[in-house]
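Source file: model_36.cif; contents: mmCIF, C-alpha atoms.
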data_entry
#
loop_
_atom_site.label_atom_id
_atom_site.label_comp_id
_atom_site.auth_asym_id
_atom_site.auth_seq_id
_atom_site.Cartn_x
_atom_site.Cartn_y
_atom_site.Cartn_z
CA MET B 1 -7.34 6.33 -24.92
CA GLU B 2 -7.32 4.90 -21.40
CA LYS B 3 -6.36 7.31 -18.61
CA LEU B 4 -2.81 6.50 -17.53
CA PHE B 5 -2.94 7.67 -13.88
CA ALA B 6 -3.75 10.61 -11.62
CA ILE B 7 -0.87 13.09 -11.34
CA VAL B 8 -0.33 14.67 -7.92
CA HIS B 9 2.76 16.69 -8.87
CA GLU B 10 5.20 16.97 -11.77
CA ASP B 11 8.30 19.06 -12.39
CA GLU B 12 11.58 18.65 -14.31
CA ARG B 13 12.94 16.13 -11.77
CA LEU B 14 9.98 14.33 -10.28
CA LEU B 15 6.60 12.81 -11.08
CA VAL B 16 4.25 11.95 -8.21
CA ILE B 17 1.36 9.61 -8.98
CA ASN B 18 -1.74 8.49 -7.10
CA LYS B 19 -1.64 4.81 -8.07
CA PRO B 20 -5.00 3.04 -8.29
CA ALA B 21 -5.57 -0.25 -6.48
CA GLY B 22 -5.11 -3.30 -8.70
CA LEU B 23 -2.20 -1.93 -10.76
CA VAL B 24 1.26 -3.50 -10.35
CA CYS B 25 4.29 -1.21 -10.31
CA HIS B 26 6.38 -3.39 -12.63
CA PRO B 27 5.32 -5.42 -15.70
CA THR B 28 3.91 -8.92 -15.44
CA LYS B 29 2.65 -9.11 -19.03
CA GLY B 30 3.01 -7.34 -22.36
CA ASP B 31 0.05 -4.96 -22.25
CA VAL B 32 1.41 -1.39 -22.06
CA TYR B 33 -1.36 -0.46 -19.61
CA SER B 34 -0.77 -3.43 -17.30
CA SER B 35 1.85 -1.82 -15.04
CA LEU B 36 2.56 1.59 -13.58
CA ILE B 37 6.08 1.82 -15.05
CA SER B 38 4.81 1.07 -18.56
CA ARG B 39 2.16 3.78 -18.20
CA VAL B 40 4.84 6.21 -16.99
CA ARG B 41 6.89 5.47 -20.10
CA LEU B 42 3.85 6.25 -22.23
CA HIS B 43 3.38 9.50 -20.30
CA PHE B 44 7.02 10.42 -20.98
CA ASP B 45 6.63 9.34 -24.62
CA GLY B 46 9.84 7.37 -24.28
CA LYS B 47 11.92 10.57 -24.05
CA ILE B 48 12.71 10.51 -20.32
CA PRO B 49 14.04 7.61 -18.23
CA ALA B 50 11.59 6.47 -15.56
CA HIS B 51 12.70 5.21 -12.14
CA ILE B 52 10.16 4.26 -9.46
CA ILE B 53 11.45 5.25 -6.01
CA ASN B 54 8.85 3.61 -3.73
CA ARG B 55 6.87 0.58 -4.78
CA LEU B 56 3.41 -0.34 -3.54
CA ASP B 57 1.71 -3.74 -3.59
CA ARG B 58 -0.68 -4.33 -6.48
CA GLU B 59 -3.74 -3.81 -4.27
CA THR B 60 -2.41 -0.87 -2.25
CA SER B 61 -3.37 2.49 -3.70
CA GLY B 62 -1.67 5.82 -3.22
CA LEU B 63 1.49 7.85 -3.65
CA VAL B 64 4.32 6.62 -5.86
CA LEU B 65 7.34 8.77 -6.74
CA VAL B 66 9.09 8.55 -10.11
CA ALA B 67 12.48 10.23 -10.67
CA LYS B 68 13.39 11.57 -14.10
CA ASP B 69 17.21 11.65 -13.92
CA ASP B 70 20.01 9.55 -12.44
CA LEU B 71 21.08 12.09 -9.80
CA SER B 72 17.52 12.42 -8.47
CA VAL B 73 17.22 8.63 -8.38
CA ARG B 74 20.37 8.27 -6.27
CA GLU B 75 19.42 11.08 -3.88
CA LEU B 76 15.85 9.91 -3.35
CA ARG B 77 16.78 6.27 -2.92
CA ARG B 78 19.32 7.28 -0.25
CA ILE B 79 16.54 9.12 1.58
CA TRP B 80 14.43 5.95 1.54
CA GLU B 81 17.37 3.76 2.56
CA ARG B 82 18.07 6.04 5.55
CA ARG B 83 14.37 5.88 6.47
CA ALA B 84 14.38 9.69 6.42
CA VAL B 85 10.85 9.80 5.00
CA GLU B 86 7.59 9.99 6.92
CA LYS B 87 4.98 7.69 5.38
CA GLU B 88 1.34 7.92 6.36
CA TYR B 89 -1.29 5.40 5.29
CA ILE B 90 -4.99 5.13 5.93
CA ALA B 91 -6.63 1.74 6.35
CA ILE B 92 -10.09 0.33 6.96
CA VAL B 93 -9.92 -2.65 9.32
CA HIS B 94 -12.39 -5.18 10.67
CA GLY B 95 -13.83 -4.53 14.13
CA HIS B 96 -13.76 -1.57 16.49
CA VAL B 97 -10.18 -0.97 17.63
CA ARG B 98 -10.16 -0.28 21.39
CA ALA B 99 -7.05 1.86 21.91
CA ALA B 100 -7.28 5.37 20.44
CA ARG B 101 -3.63 5.10 19.44
CA GLY B 102 -0.71 2.77 19.89
CA THR B 103 2.46 1.20 18.52
CA ILE B 104 2.75 -2.34 17.22
CA ASP B 105 6.32 -3.52 17.84
CA ALA B 106 6.56 -7.04 16.47
CA PRO B 107 9.35 -8.65 14.38
CA LEU B 108 8.47 -10.11 11.00
CA GLY B 109 9.74 -13.09 9.01
CA ARG B 110 8.73 -15.91 6.70
CA ASP B 111 5.52 -17.74 7.58
CA GLU B 112 6.79 -21.31 7.35
CA LYS B 113 3.37 -22.76 8.17
CA SER B 114 1.73 -21.21 5.12
CA ILE B 115 1.63 -22.79 1.69
CA VAL B 116 1.80 -19.27 0.19
CA ALA B 117 5.48 -18.59 -0.52
CA VAL B 118 5.21 -14.79 -0.22
CA LYS B 119 3.43 -14.80 3.14
CA ASP B 120 5.21 -13.47 6.23
CA CYS B 121 4.17 -13.38 9.88
CA VAL B 122 5.10 -12.11 13.33
CA ARG B 123 7.90 -14.31 14.70
CA ALA B 124 10.41 -13.82 17.51
CA ASP B 125 13.45 -14.34 15.29
CA GLY B 126 12.21 -11.98 12.58
CA ALA B 127 13.40 -8.52 11.51
CA ALA B 128 12.46 -5.62 13.78
CA ALA B 129 9.31 -3.77 12.70
CA GLN B 130 7.30 -0.96 14.30
CA THR B 131 4.01 0.59 13.22
CA ASP B 132 2.09 3.45 14.87
CA PHE B 133 -1.68 3.71 14.52
CA SER B 134 -4.43 6.09 15.58
CA ILE B 135 -8.18 5.94 15.17
CA GLU B 136 -9.84 8.30 12.74
CA LYS B 137 -13.33 6.86 12.89
CA LYS B 138 -15.30 3.85 14.13
CA PHE B 139 -18.38 2.86 12.16
CA SER B 140 -20.77 0.00 11.53
CA ARG B 141 -22.50 -1.27 8.42
CA ALA B 142 -24.66 -4.25 7.53
CA GLU B 143 -21.43 -6.22 6.96
CA GLY B 144 -20.16 -5.58 10.51
CA ASP B 145 -18.06 -3.19 12.62
CA PHE B 146 -15.10 -1.34 11.14
CA THR B 147 -12.44 1.24 12.06
CA LEU B 148 -10.72 3.80 9.85
CA LEU B 149 -7.10 4.07 10.99
CA ARG B 150 -4.21 6.42 10.31
CA VAL B 151 -1.03 4.32 10.16
CA LEU B 152 2.65 5.34 10.23
CA PRO B 153 5.20 2.56 9.65
CA HIS B 154 8.67 3.24 11.09
CA THR B 155 10.25 0.37 9.18
CA GLY B 156 9.57 -0.87 5.68
CA ARG B 157 9.22 -4.63 5.96
CA LYS B 158 7.29 -6.59 3.35
CA HIS B 159 3.53 -6.46 4.03
CA GLN B 160 4.34 -4.81 7.38
CA ILE B 161 1.15 -2.80 7.91
CA ARG B 162 -1.12 -5.64 6.85
CA ILE B 163 0.62 -8.19 9.09
CA HIS B 164 0.78 -5.87 12.09
CA LEU B 165 -2.90 -4.93 11.88
CA ALA B 166 -3.91 -8.59 11.52
CA HIS B 167 -1.67 -9.38 14.52
CA LEU B 168 -3.55 -6.68 16.44
CA GLY B 169 -6.73 -8.62 15.69
CA HIS B 170 -8.02 -6.15 13.11
CA PRO B 171 -7.05 -7.23 9.57
CA VAL B 172 -7.42 -4.83 6.66
CA VAL B 173 -10.78 -5.17 4.92
CA GLY B 174 -10.36 -6.93 1.58
CA ASP B 175 -6.94 -8.38 2.44
CA LYS B 176 -6.86 -11.70 0.63
CA LEU B 177 -3.66 -12.96 2.27
CA TYR B 178 -3.80 -11.77 5.89
CA GLY B 179 -7.56 -11.50 6.30
CA GLY B 180 -7.92 -14.92 7.93
CA ASP B 181 -8.57 -17.13 4.90
CA GLU B 182 -5.57 -17.46 2.61
CA ASP B 183 -7.61 -19.64 0.23
CA ILE B 184 -9.02 -16.35 -1.05
CA TYR B 185 -5.49 -15.37 -2.13
CA LEU B 186 -4.93 -18.78 -3.73
CA ALA B 187 -8.28 -18.52 -5.50
CA LEU B 188 -7.22 -15.13 -6.88
CA VAL B 189 -3.90 -16.30 -8.29
CA GLN B 190 -5.49 -19.51 -9.60
CA ASP B 191 -8.31 -17.54 -11.25
CA ARG B 192 -11.10 -19.31 -9.34
CA LEU B 193 -12.59 -16.53 -7.21
CA THR B 194 -16.25 -17.23 -6.47
CA ASP B 195 -19.08 -14.95 -5.40
CA ALA B 196 -18.69 -16.44 -1.91
CA HIS B 197 -15.05 -15.34 -1.86
CA ARG B 198 -16.03 -11.84 -2.98
CA ARG B 199 -18.70 -11.54 -0.31
CA LYS B 200 -16.15 -12.54 2.32
CA MET B 201 -13.68 -9.93 1.02
CA ILE B 202 -16.44 -7.25 1.21
CA LEU B 203 -14.34 -4.82 -0.88
CA PRO B 204 -12.74 -5.61 -4.26
CA TRP B 205 -9.27 -4.50 -3.10
CA GLN B 206 -7.53 -4.31 0.27
CA ALA B 207 -8.47 -1.04 1.98
CA LEU B 208 -4.94 0.32 2.42
CA HIS B 209 -3.94 3.66 0.90
CA ALA B 210 -0.57 5.47 0.91
CA HIS B 211 -1.97 8.86 1.84
CA ARG B 212 0.96 11.18 2.60
CA LEU B 213 4.74 11.38 2.14
CA ARG B 214 7.06 13.92 3.72
CA PHE B 215 10.86 14.24 3.50
CA ILE B 216 13.69 16.75 3.10
CA TRP B 217 15.29 16.88 -0.35
CA ARG B 218 17.85 19.44 -1.49
CA TRP B 219 17.26 21.55 1.63
CA SER B 220 13.51 21.79 1.01
CA GLU B 221 10.62 20.02 2.71
CA MET B 222 8.71 17.91 0.23
CA GLN B 223 5.18 16.87 1.15
CA PHE B 224 2.64 15.12 -1.05
CA GLU B 225 -0.87 13.95 -0.30
CA ALA B 226 -3.37 11.95 -2.34
CA PRO B 227 -7.00 11.00 -1.64
CA PRO B 228 -8.17 7.38 -1.75
CA GLU B 229 -10.44 6.13 -4.52
CA PRO B 230 -14.25 6.44 -4.32
CA TRP B 231 -14.80 2.75 -3.38
CA PHE B 232 -12.66 3.38 -0.29
CA THR B 233 -14.20 6.69 0.82
CA GLU B 234 -17.77 5.61 0.10
CA PHE B 235 -17.39 2.52 2.30
CA CYS B 236 -16.56 4.55 5.40
CA ALA B 237 -18.72 7.59 4.62
#

Now that the file is in, can you turn its structure into structure tokens?
Amino acid sequence: MEKLFAIVHEDERLLVINKPAGLVCHPTKGDVYSSLISRVRLHFDGKIPAHIINRLDRETSGLVLVAKDDLSVRELRRIWERRAVEKEYIAIVHGHVRAARGTIDAPLGRDEKSIVAVKDCVRADGAAAQTDFSIEKKFSRAEGDFTLLRVLPHTGRKHQIRIHLAHLGHPVVGDKLYGGDEDIYLALVQDRLTDAHRRKMILPWQALHAHRLRFIWRWSEMQFEAPPEPWFTEFCA
């Protein structure tokens, strides 16, 4: 039997998962292993309702919370809606970032110049978005120069971290949409990825990981942390 997922924490109200890169949160096809929610239902053996609180992109790995009852769902979703949760990501980006730390304050909206319908960009009339970053490590490999960043988004716009880091001039390694050549993304969805595309991506998935979550729930501080997958850690070792 295929392993369903890595469990970070589980109690009578909550299941916390370290989602692998490449797994969608909600179903796109019939295979029971093809989405995180379908794997959660298998884990619960169909006896407990499953409600994902925070979704991650298919290629983003890391912490996902699943509530087991309606009251917990409502309470946790209110926490997310109020932005009363501290989210910390780690990312590997192209190039050596100069500033040790900083804040990217740039509004986001639809990228009308792109042929990719889901692509957004920095634009003056967009929705407000702020992202803090700090350098963990600079390193170089045969493929080039890279920086490992710790990233804290203050807003939750679509693709926010990826767009902001690309806007900074340091796109996330392996990002097929915001890495500078959106034909890689089109090749992926059209099932025509070549070896040349893969060499340009460097890594099989985008190097963005939801590392830590912290919030107050029912008068208690909740904090969860999950390590990235080996392909991520080995690249910046």

Spatial neighbours of Glu10 (chain B), max dist 12 Å, all atoms listed in the file, sep filter under 2 positions, as a PyMOL selection string = chain B and resi 6-8+12-18+40+43-44+64-68+224

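Applied to the file shown here, the PyMOL selection byres ((chain B and resi 100) around 6) selects the residues Ala99, Arg101, Ser134 and Ile135 of chain B.
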
Min atom-atom distance to Leu76 (chain B) from the set B:Ala91, B:Ile53, B:Arg110, B:Gly156, counting all atoms listed in the file, belongs to B:Ile53

Tell me, as a ChimeraX atom specification, which residues lie within 8 Å of Cys25 (chain B), counting all atoms listed in the file; anything in the same chain fewer than 4 positions away does not count.
-> /B:35-37,55-58

Do you know which residues the PyMOL selection byres ((chain B and resi 114-116) around 12) returns on this file, as an MDAnalysis selection string?
-> chainID B and resid 110:113 117:121 176:178 180:187 189

Compile the contact shell of Leu42 (chain B) as a PyMOL selection string: residues with an atom at most 9 Å away, counting all atoms listed in the file, same-chain residues fewer than 4 positions apart removed.
-> chain B and resi 4+32-33+37-38+46

Can you tell me how far CA of Ala129 (chain B) sits from CA of Lys158 (chain B), in Å to one decimal?
-> 10.0 Å

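Put simply, CA of Glu81 (chain B) is 17.6 Å away from CA of Glu221 (chain B).
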
Residues picked by the PyMOL selection byres ((chain B and resi 205) around 9) here, as JSON, numbers by chain?
-> {"B": [21, 22, 59, 60, 173, 174, 175, 176, 201, 202, 203, 204, 206, 207, 208]}

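Atom pair CA of Arg141 (chain B) / CA of Val93 (chain B): separated by 12.7 Å.
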
Which residues, written as a ChimeraX atom specification, have at least one atom at most 9 Å from Ile161 (chain B), with all atoms listed in the file counted and residues fewer than 3 positions away on the same chain left out?
-> /B:89,131,151-153,156-158,164-166,172,208
